[in-house]
Amino acid sequence: MTDDTPDDLARHAVKMAKKKAARDKIMATKTGNKGLIIVHTGKGKGKSSAAFGMIFRCIAHGMQCAVVQFIKGGMSTGERDLILRHFTDTCAFHTMGEGFTWETQDKSRDMEMAAAAWEKARELIRDPANTMVLLDEINIALRYDYLDIHEVVAFLRDEKPAMTHVVLTGRNAKDELTDLADLVTEMELVKHPFRSGIKAQIGVEY
C-alpha cells in the first residue's frame, strides 16, 4: 500500500509516458545488427558465469554455439556437465587446458595447450554455423604470453564472420583486445567469501 494521492498517480503516469516516448525514440535509431566481440574481465567473480548465461540463451533459442576452455582443466563444472549431458547437438564443448599455470608448473606445456586451444577456437569461429563462441579464460593465456595478442586481435578483426559473436573471459584483458571489442564489462571485486576462509562451493563457483 502507498499513500499516493490521485494527483500523485497521475503525475507518475505522465512522467513514465514521457520516459517511454524518449526511450522508444532512442530504440528506433538502433537498427544495426552484427556479431559482437564481447570481453568479460576484472577481479570480481562472474566473468565466466555471465558468459555461460549467454551460451545458455543461445542453446534455448536453438542457436548453434561452442565453448573452448583455455586454462581450466578436467575439473567437473555444472555448466560443462549440463552441456555435455543434454546439449551436445547444439553446443560443442572443448576443455583444452590442464589447470591454472600455478598448478601445472610447466610453461612449455601450458603454451602448447594454449596453442591447441586457439587453433580449435579459430576453427569454431570460422564455422558460420556457430552463432556464438565462448573463449573461456583466454585472457589468462594472453596475460602470460602463451598466445600472441596481436595474432588474436588480427584474427578477430579480419577473419571472424560478420554475424558471429565471440566472448572472451578472464582477468587482465589486454588493452589491444578491449580496444577492439564491441562490449567490455569489468567485474569489480567488492567482497568475496574466500577472504574469510570460505572455499569454492558447488553451485556457486563451479
# chains A, B, ... in the order shown; residues from 1 in each chain; ligands from 1

call {"tool": "select_by_dssp", "arguments": {"residues": "range 3-121 of chain A", "states": "strand (DSSP E)", "output": "ChimeraX atom specification"}}
result
/A:37-41,65-69,91-95

call {"tool": "residues_around", "arguments": {"residues": "Ile140 in chain A", "least_positions_apart": "2", "cutoff": "10 Å", "atoms": "only C-alpha atoms", "output": "ChimeraX atom specification"}}
result
/A:70-71,100-101,114,136-138,142-147,169-174

call {"tool": "write_last_selection", "arguments": {"atoms": "C-alpha atoms", "output": "PDB file, in the first residue's frame"}}
result
ATOM      1  CA  PHE A  70      41.775 -22.361 -22.280  1.00  0.00           C
ATOM      2  CA  ILE A  71      43.107 -22.749 -18.749  1.00  0.00           C
ATOM      3  CA  PHE A 100      45.904 -22.948 -13.894  1.00  0.00           C
ATOM      4  CA  THR A 101      49.567 -22.208 -14.515  1.00  0.00           C
ATOM      5  CA  ALA A 114      47.042 -22.773 -25.318  1.00  0.00           C
ATOM      6  CA  ASP A 136      36.768 -19.080 -21.527  1.00  0.00           C
ATOM      7  CA  GLU A 137      39.849 -17.788 -19.665  1.00  0.00           C
ATOM      8  CA  ILE A 138      41.689 -16.871 -22.856  1.00  0.00           C
ATOM      9  CA  LEU A 142      47.175 -13.850 -23.214  1.00  0.00           C
ATOM     10  CA  ARG A 143      48.330 -12.330 -19.938  1.00  0.00           C
ATOM     11  CA  TYR A 144      51.135 -14.886 -19.627  1.00  0.00           C
ATOM     12  CA  ASP A 145      52.014 -14.516 -23.332  1.00  0.00           C
ATOM     13  CA  TYR A 146      51.102 -18.114 -24.085  1.00  0.00           C
ATOM     14  CA  LEU A 147      49.379 -16.605 -27.125  1.00  0.00           C
ATOM     15  CA  THR A 169      36.758 -14.065 -20.438  1.00  0.00           C
ATOM     16  CA  GLY A 170      39.439 -13.792 -17.780  1.00  0.00           C
ATOM     17  CA  ARG A 171      41.221 -11.212 -15.657  1.00  0.00           C
ATOM     18  CA  ASN A 172      43.593  -8.601 -17.013  1.00  0.00           C
ATOM     19  CA  ALA A 173      42.263  -8.341 -20.542  1.00  0.00           C
ATOM     20  CA  LYS A 174      44.887  -6.642 -22.690  1.00  0.00           C
TER      21      LYS A 174
END

call {"tool": "select_by_dssp", "arguments": {"residues": "range 27-146 of chain A", "states": "helix (DSSP H, G or I)", "output": "PyMOL selection string"}}
result
chain A and resi 27-28+47-60+78-86+101-104+107-126+138-143

call {"tool": "residues_around", "arguments": {"residues": "Glu159 in chain A", "least_positions_apart": "4", "cutoff": "10 Å", "atoms": "only C-alpha atoms", "output": "number ranges by chain"}}
result
A: 122, 125-126, 153-155

call {"tool": "residues_around", "arguments": {"residues": "range 87-94 of chain A", "least_positions_apart": "4", "cutoff": "7 Å", "atoms": "only C-alpha atoms", "output": "MDAnalysis selection string"}}
result
chainID A and resid 59 62:69 83

call {"tool": "atom_distance", "arguments": {"atom1": "CA of Asn130 in chain A", "atom2": "CA of Val204 in chain A"}}
result
28.1 Å

call {"tool": "closest_atom_pairs", "arguments": {"of": "range 24-66 of chain A", "to": "range 192-203 of chain A", "cutoff": "12 Å", "atoms": "only C-alpha atoms", "output": "Markdown table"}}
result
| residue | atom | partner | partner_atom | distance |
| --- | --- | --- | --- | --- |
| A:Lys43 | CA | A:His192 | CA | 10.5 |
| A:Gly44 | CA | A:His192 | CA | 8.4 |
| A:Lys45 | CA | A:His192 | CA | 8.2 |
| A:Gly46 | CA | A:His192 | CA | 11.5 |
| A:Ser49 | CA | A:Gly203 | CA | 10.9 |

call {"tool": "write_last_selection", "arguments": {"atoms": "C-alpha atoms", "output": "PDB file, in the first residue's frame"}}
result
ATOM      1  CA  LYS A  43      38.976  -9.124 -10.467  1.00  0.00           C
ATOM      2  CA  GLY A  44      35.376  -9.755  -9.498  1.00  0.00           C
ATOM      3  CA  LYS A  45      33.529 -13.065  -9.671  1.00  0.00           C
ATOM      4  CA  GLY A  46      31.087 -13.727 -12.500  1.00  0.00           C
ATOM      5  CA  SER A  49      29.175 -17.256 -15.251  1.00  0.00           C
TER       6      SER A  49
END

call {"tool": "decode", "arguments": {"residues": "range 72-196 of chain A", "atoms": "C-alpha atoms", "output": "PDB file, in the first residue's frame"}}
result
ATOM      1  CA  LYS A  72      40.617 -24.690 -16.700  1.00  0.00           C
ATOM      2  CA  GLY A  73      41.433 -28.358 -16.569  1.00  0.00           C
ATOM      3  CA  GLY A  74      39.395 -31.512 -16.201  1.00  0.00           C
ATOM      4  CA  MET A  75      37.571 -30.490 -13.021  1.00  0.00           C
ATOM      5  CA  SER A  76      33.831 -31.055 -13.264  1.00  0.00           C
ATOM      6  CA  THR A  77      31.705 -27.897 -13.522  1.00  0.00           C
ATOM      7  CA  GLY A  78      27.951 -27.547 -13.628  1.00  0.00           C
ATOM      8  CA  GLU A  79      27.954 -25.751 -16.978  1.00  0.00           C
ATOM      9  CA  ARG A  80      30.139 -28.307 -18.717  1.00  0.00           C
ATOM     10  CA  ASP A  81      28.330 -31.296 -17.244  1.00  0.00           C
ATOM     11  CA  LEU A  82      24.933 -29.898 -18.242  1.00  0.00           C
ATOM     12  CA  ILE A  83      26.009 -29.143 -21.789  1.00  0.00           C
ATOM     13  CA  LEU A  84      27.752 -32.495 -22.279  1.00  0.00           C
ATOM     14  CA  ARG A  85      24.791 -34.336 -20.809  1.00  0.00           C
ATOM     15  CA  HIS A  86      22.000 -32.635 -22.714  1.00  0.00           C
ATOM     16  CA  PHE A  87      23.091 -30.146 -25.379  1.00  0.00           C
ATOM     17  CA  THR A  88      25.990 -31.547 -27.416  1.00  0.00           C
ATOM     18  CA  ASP A  89      23.846 -31.331 -30.546  1.00  0.00           C
ATOM     19  CA  THR A  90      23.675 -27.545 -30.102  1.00  0.00           C
ATOM     20  CA  CYS A  91      26.875 -26.639 -28.248  1.00  0.00           C
ATOM     21  CA  ALA A  92      30.339 -28.075 -28.896  1.00  0.00           C
ATOM     22  CA  PHE A  93      32.382 -28.053 -25.671  1.00  0.00           C
ATOM     23  CA  HIS A  94      36.184 -28.333 -25.635  1.00  0.00           C
ATOM     24  CA  THR A  95      38.205 -28.252 -22.417  1.00  0.00           C
ATOM     25  CA  MET A  96      41.726 -27.676 -23.746  1.00  0.00           C
ATOM     26  CA  GLY A  97      43.616 -26.624 -20.628  1.00  0.00           C
ATOM     27  CA  GLU A  98      45.147 -28.727 -17.890  1.00  0.00           C
ATOM     28  CA  GLY A  99      44.654 -26.341 -14.994  1.00  0.00           C
ATOM     29  CA  PHE A 100      45.904 -22.948 -13.894  1.00  0.00           C
ATOM     30  CA  THR A 101      49.567 -22.208 -14.515  1.00  0.00           C
ATOM     31  CA  TRP A 102      50.487 -22.420 -10.817  1.00  0.00           C
ATOM     32  CA  GLU A 103      49.073 -25.955 -10.820  1.00  0.00           C
ATOM     33  CA  THR A 104      50.758 -27.256 -13.967  1.00  0.00           C
ATOM     34  CA  GLN A 105      54.123 -25.529 -13.286  1.00  0.00           C
ATOM     35  CA  ASP A 106      55.133 -26.342 -16.842  1.00  0.00           C
ATOM     36  CA  LYS A 107      55.263 -23.260 -19.087  1.00  0.00           C
ATOM     37  CA  SER A 108      56.149 -25.082 -22.284  1.00  0.00           C
ATOM     38  CA  ARG A 109      53.235 -27.492 -21.795  1.00  0.00           C
ATOM     39  CA  ASP A 110      50.887 -24.597 -20.968  1.00  0.00           C
ATOM     40  CA  MET A 111      51.929 -22.812 -24.165  1.00  0.00           C
ATOM     41  CA  GLU A 112      51.435 -25.983 -26.190  1.00  0.00           C
ATOM     42  CA  MET A 113      47.921 -26.436 -24.788  1.00  0.00           C
ATOM     43  CA  ALA A 114      47.042 -22.773 -25.318  1.00  0.00           C
ATOM     44  CA  ALA A 115      48.151 -23.005 -28.953  1.00  0.00           C
ATOM     45  CA  ALA A 116      45.970 -26.093 -29.452  1.00  0.00           C
ATOM     46  CA  ALA A 117      43.023 -24.322 -27.818  1.00  0.00           C
ATOM     47  CA  TRP A 118      43.498 -21.281 -30.063  1.00  0.00           C
ATOM     48  CA  GLU A 119      43.606 -23.487 -33.151  1.00  0.00           C
ATOM     49  CA  LYS A 120      40.309 -25.099 -32.096  1.00  0.00           C
ATOM     50  CA  ALA A 121      38.859 -21.654 -31.355  1.00  0.00           C
ATOM     51  CA  ARG A 122      39.727 -20.385 -34.826  1.00  0.00           C
ATOM     52  CA  GLU A 123      38.137 -23.445 -36.391  1.00  0.00           C
ATOM     53  CA  LEU A 124      34.908 -22.921 -34.454  1.00  0.00           C
ATOM     54  CA  ILE A 125      34.792 -19.160 -35.074  1.00  0.00           C
ATOM     55  CA  ARG A 126      35.326 -19.639 -38.808  1.00  0.00           C
ATOM     56  CA  ASP A 127      32.371 -22.049 -38.938  1.00  0.00           C
ATOM     57  CA  PRO A 128      29.387 -19.891 -39.964  1.00  0.00           C
ATOM     58  CA  ALA A 129      27.024 -22.383 -38.312  1.00  0.00           C
ATOM     59  CA  ASN A 130      28.126 -21.098 -34.890  1.00  0.00           C
ATOM     60  CA  THR A 131      26.231 -18.078 -33.649  1.00  0.00           C
ATOM     61  CA  MET A 132      28.451 -17.656 -30.577  1.00  0.00           C
ATOM     62  CA  VAL A 133      31.841 -18.977 -29.480  1.00  0.00           C
ATOM     63  CA  LEU A 134      32.983 -18.592 -25.876  1.00  0.00           C
ATOM     64  CA  LEU A 135      36.745 -18.498 -25.260  1.00  0.00           C
ATOM     65  CA  ASP A 136      36.768 -19.080 -21.527  1.00  0.00           C
ATOM     66  CA  GLU A 137      39.849 -17.788 -19.665  1.00  0.00           C
ATOM     67  CA  ILE A 138      41.689 -16.871 -22.856  1.00  0.00           C
ATOM     68  CA  ASN A 139      42.698 -13.610 -21.173  1.00  0.00           C
ATOM     69  CA  ILE A 140      44.845 -15.612 -18.743  1.00  0.00           C
ATOM     70  CA  ALA A 141      46.658 -17.274 -21.641  1.00  0.00           C
ATOM     71  CA  LEU A 142      47.175 -13.850 -23.214  1.00  0.00           C
ATOM     72  CA  ARG A 143      48.330 -12.330 -19.938  1.00  0.00           C
ATOM     73  CA  TYR A 144      51.135 -14.886 -19.627  1.00  0.00           C
ATOM     74  CA  ASP A 145      52.014 -14.516 -23.332  1.00  0.00           C
ATOM     75  CA  TYR A 146      51.102 -18.114 -24.085  1.00  0.00           C
ATOM     76  CA  LEU A 147      49.379 -16.605 -27.125  1.00  0.00           C
ATOM     77  CA  ASP A 148      50.324 -13.596 -29.245  1.00  0.00           C
ATOM     78  CA  ILE A 149      47.780 -10.834 -28.577  1.00  0.00           C
ATOM     79  CA  HIS A 150      48.445  -9.291 -31.995  1.00  0.00           C
ATOM     80  CA  GLU A 151      47.627 -12.581 -33.718  1.00  0.00           C
ATOM     81  CA  VAL A 152      44.399 -12.949 -31.726  1.00  0.00           C
ATOM     82  CA  VAL A 153      43.311  -9.368 -32.432  1.00  0.00           C
ATOM     83  CA  ALA A 154      44.148  -9.646 -36.135  1.00  0.00           C
ATOM     84  CA  PHE A 155      42.132 -12.844 -36.459  1.00  0.00           C
ATOM     85  CA  LEU A 156      39.089 -11.423 -34.679  1.00  0.00           C
ATOM     86  CA  ARG A 157      39.288  -8.224 -36.713  1.00  0.00           C
ATOM     87  CA  ASP A 158      39.909  -9.748 -40.133  1.00  0.00           C
ATOM     88  CA  GLU A 159      38.570 -13.313 -40.140  1.00  0.00           C
ATOM     89  CA  LYS A 160      35.649 -13.518 -37.737  1.00  0.00           C
ATOM     90  CA  PRO A 161      32.407 -13.957 -39.710  1.00  0.00           C
ATOM     91  CA  ALA A 162      30.328 -10.789 -39.614  1.00  0.00           C
ATOM     92  CA  MET A 163      27.431 -12.271 -37.645  1.00  0.00           C
ATOM     93  CA  THR A 164      29.365 -14.454 -35.184  1.00  0.00           C
ATOM     94  CA  HIS A 165      29.570 -13.395 -31.545  1.00  0.00           C
ATOM     95  CA  VAL A 166      32.835 -14.151 -29.721  1.00  0.00           C
ATOM     96  CA  VAL A 167      33.022 -13.899 -25.934  1.00  0.00           C
ATOM     97  CA  LEU A 168      36.429 -13.743 -24.217  1.00  0.00           C
ATOM     98  CA  THR A 169      36.758 -14.065 -20.438  1.00  0.00           C
ATOM     99  CA  GLY A 170      39.439 -13.792 -17.780  1.00  0.00           C
ATOM    100  CA  ARG A 171      41.221 -11.212 -15.657  1.00  0.00           C
ATOM    101  CA  ASN A 172      43.593  -8.601 -17.013  1.00  0.00           C
ATOM    102  CA  ALA A 173      42.263  -8.341 -20.542  1.00  0.00           C
ATOM    103  CA  LYS A 174      44.887  -6.642 -22.690  1.00  0.00           C
ATOM    104  CA  ASP A 175      44.274  -3.133 -23.997  1.00  0.00           C
ATOM    105  CA  GLU A 176      44.548  -4.291 -27.590  1.00  0.00           C
ATOM    106  CA  LEU A 177      41.611  -6.630 -27.019  1.00  0.00           C
ATOM    107  CA  THR A 178      39.393  -4.182 -25.149  1.00  0.00           C
ATOM    108  CA  ASP A 179      40.088  -1.546 -27.813  1.00  0.00           C
ATOM    109  CA  LEU A 180      38.821  -3.956 -30.479  1.00  0.00           C
ATOM    110  CA  ALA A 181      35.799  -5.210 -28.535  1.00  0.00           C
ATOM    111  CA  ASP A 182      32.233  -4.008 -29.014  1.00  0.00           C
ATOM    112  CA  LEU A 183      31.226  -4.751 -25.423  1.00  0.00           C
ATOM    113  CA  VAL A 184      33.541  -4.776 -22.399  1.00  0.00           C
ATOM    114  CA  THR A 185      32.405  -5.498 -18.846  1.00  0.00           C
ATOM    115  CA  GLU A 186      34.786  -5.259 -15.916  1.00  0.00           C
ATOM    116  CA  MET A 187      33.687  -7.218 -12.860  1.00  0.00           C
ATOM    117  CA  GLU A 188      34.623  -5.250  -9.742  1.00  0.00           C
ATOM    118  CA  LEU A 189      35.546  -7.133  -6.570  1.00  0.00           C
ATOM    119  CA  VAL A 190      33.773  -5.611  -3.588  1.00  0.00           C
ATOM    120  CA  LYS A 191      33.659  -8.585  -1.234  1.00  0.00           C
ATOM    121  CA  HIS A 192      34.454 -12.289  -1.584  1.00  0.00           C
ATOM    122  CA  PRO A 193      33.999 -15.153   0.908  1.00  0.00           C
ATOM    123  CA  PHE A 194      37.415 -16.579   0.002  1.00  0.00           C
ATOM    124  CA  ARG A 195      38.963 -13.778   2.057  1.00  0.00           C
ATOM    125  CA  SER A 196      37.035 -15.058   5.068  1.00  0.00           C
TER     126      SER A 196
END
